[in-house]
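To start, the structure itself, in structure tokens.
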Amino acid sequence: MVDYKSIIKRNPNKRFGKPCVRDTRIAVFDVLGWLAAGMTYAEILEDFPELNNNDIKACLAYAADREHKLQHAS
């Protein structure tokens, strides 16, 4: 699994503090939504050239880790 902690960042001045990819305004939620809508990695990278494959994988890893933490918190 990709180490998302060096890629996914929170900045209270961007996107209301939502987790985003590096210093972009692209939120993890955006990337997950595009994947859920059926976009391929290639389509996302074509539309958003500031991203790379590892950024997309980092969003997935972040979501997986968050889900894991939520399951263990209950």
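Residue numbering restarts at 1 for every chain of the structure tokens, chains are lettered A, B, ... in their displayed order, and ligands are numbered from 1 as they appear.
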
Worksheet item: Among chain A, which residues carry a DSSP assignment of helix (DSSP H, G or I), reported as a VMD selection string?
Response: chain A and resid 4 to 6 15 to 17 28 to 36 41 to 47 53 to 73

Worksheet item: Looking only at the backbone, which of the residues in chain A does DSSP tag as strand (DSSP E), as a list of chain:residue names?
Response: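 Of chain A, the ones in strand (DSSP E) are A:Ile8, A:Lys9, A:Arg10, A:Pro19, A:Cys20, A:Val21.
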
Practice prompt. Report the distance between CA of Glu50 (chain A) and CA of Ser6 (chain A) in Å, rounded to one decimal place.
Written response: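 Between these atoms lies a distance of 15.9 Å.
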
Fill in: Selection: 12 Å around Ala61 (chain A), only C-alpha atoms, excl. self and same-chain fewer than 5 positions, as a ChimeraX atom specification
/A:1-8,28,31-32,54-56,66-68

For the selection just defined, write its residues with N, CA and C atoms to a file, as a compact mmCIF listing (two decimals), in the first residue's frame.
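Contents of selection11.txt, freshly written:
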# COMPACT_ATOMS: atom_id res chain seq x y z
N MET A 1 0.84 -1.17 0.00
CA MET A 1 0.00 0.00 0.00
C MET A 1 0.89 1.25 0.00
N VAL A 2 0.46 2.25 -0.72
CA VAL A 2 1.19 3.52 -0.81
C VAL A 2 1.13 4.24 0.54
N ASP A 3 2.23 4.86 0.94
CA ASP A 3 2.25 5.66 2.16
C ASP A 3 1.60 7.00 1.86
N TYR A 4 0.33 7.11 2.15
CA TYR A 4 -0.43 8.31 1.80
C TYR A 4 -0.05 9.53 2.63
N LYS A 5 0.59 9.32 3.76
CA LYS A 5 0.85 10.43 4.68
C LYS A 5 1.77 11.50 4.09
N SER A 6 2.57 11.14 3.10
CA SER A 6 3.43 12.14 2.47
C SER A 6 2.74 12.80 1.27
N ILE A 7 1.56 12.31 0.91
CA ILE A 7 0.85 12.83 -0.26
C ILE A 7 -0.44 13.55 0.12
N ILE A 8 -1.19 13.00 1.04
CA ILE A 8 -2.48 13.58 1.44
C ILE A 8 -2.23 14.60 2.56
N VAL A 28 -9.41 14.29 -1.62
CA VAL A 28 -9.53 12.83 -1.68
C VAL A 28 -10.94 12.46 -2.12
N VAL A 31 -11.35 12.54 -5.93
CA VAL A 31 -10.73 11.40 -6.62
C VAL A 31 -11.57 10.14 -6.41
N LEU A 32 -12.02 9.91 -5.19
CA LEU A 32 -12.85 8.73 -4.92
C LEU A 32 -14.15 8.80 -5.70
N ASN A 54 0.49 7.50 -8.24
CA ASN A 54 0.66 7.36 -6.79
C ASN A 54 -0.30 8.25 -6.02
N ASP A 55 -0.66 9.39 -6.57
CA ASP A 55 -1.63 10.27 -5.91
C ASP A 55 -2.98 9.57 -5.80
N ILE A 56 -3.39 8.92 -6.88
CA ILE A 56 -4.68 8.21 -6.88
C ILE A 56 -4.63 7.05 -5.89
N ARG A 66 -8.83 5.10 6.78
CA ARG A 66 -9.90 5.77 7.52
C ARG A 66 -11.03 4.79 7.84
N GLU A 67 -11.39 3.96 6.88
CA GLU A 67 -12.43 2.95 7.10
C GLU A 67 -12.00 1.98 8.19
N HIS A 68 -10.74 1.57 8.14
CA HIS A 68 -10.20 0.65 9.14
C HIS A 68 -10.29 1.27 10.54

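If you look at CA of Asp65 (chain A) and CA of Lys9 (chain A), they are 14.6 Å away from each other.
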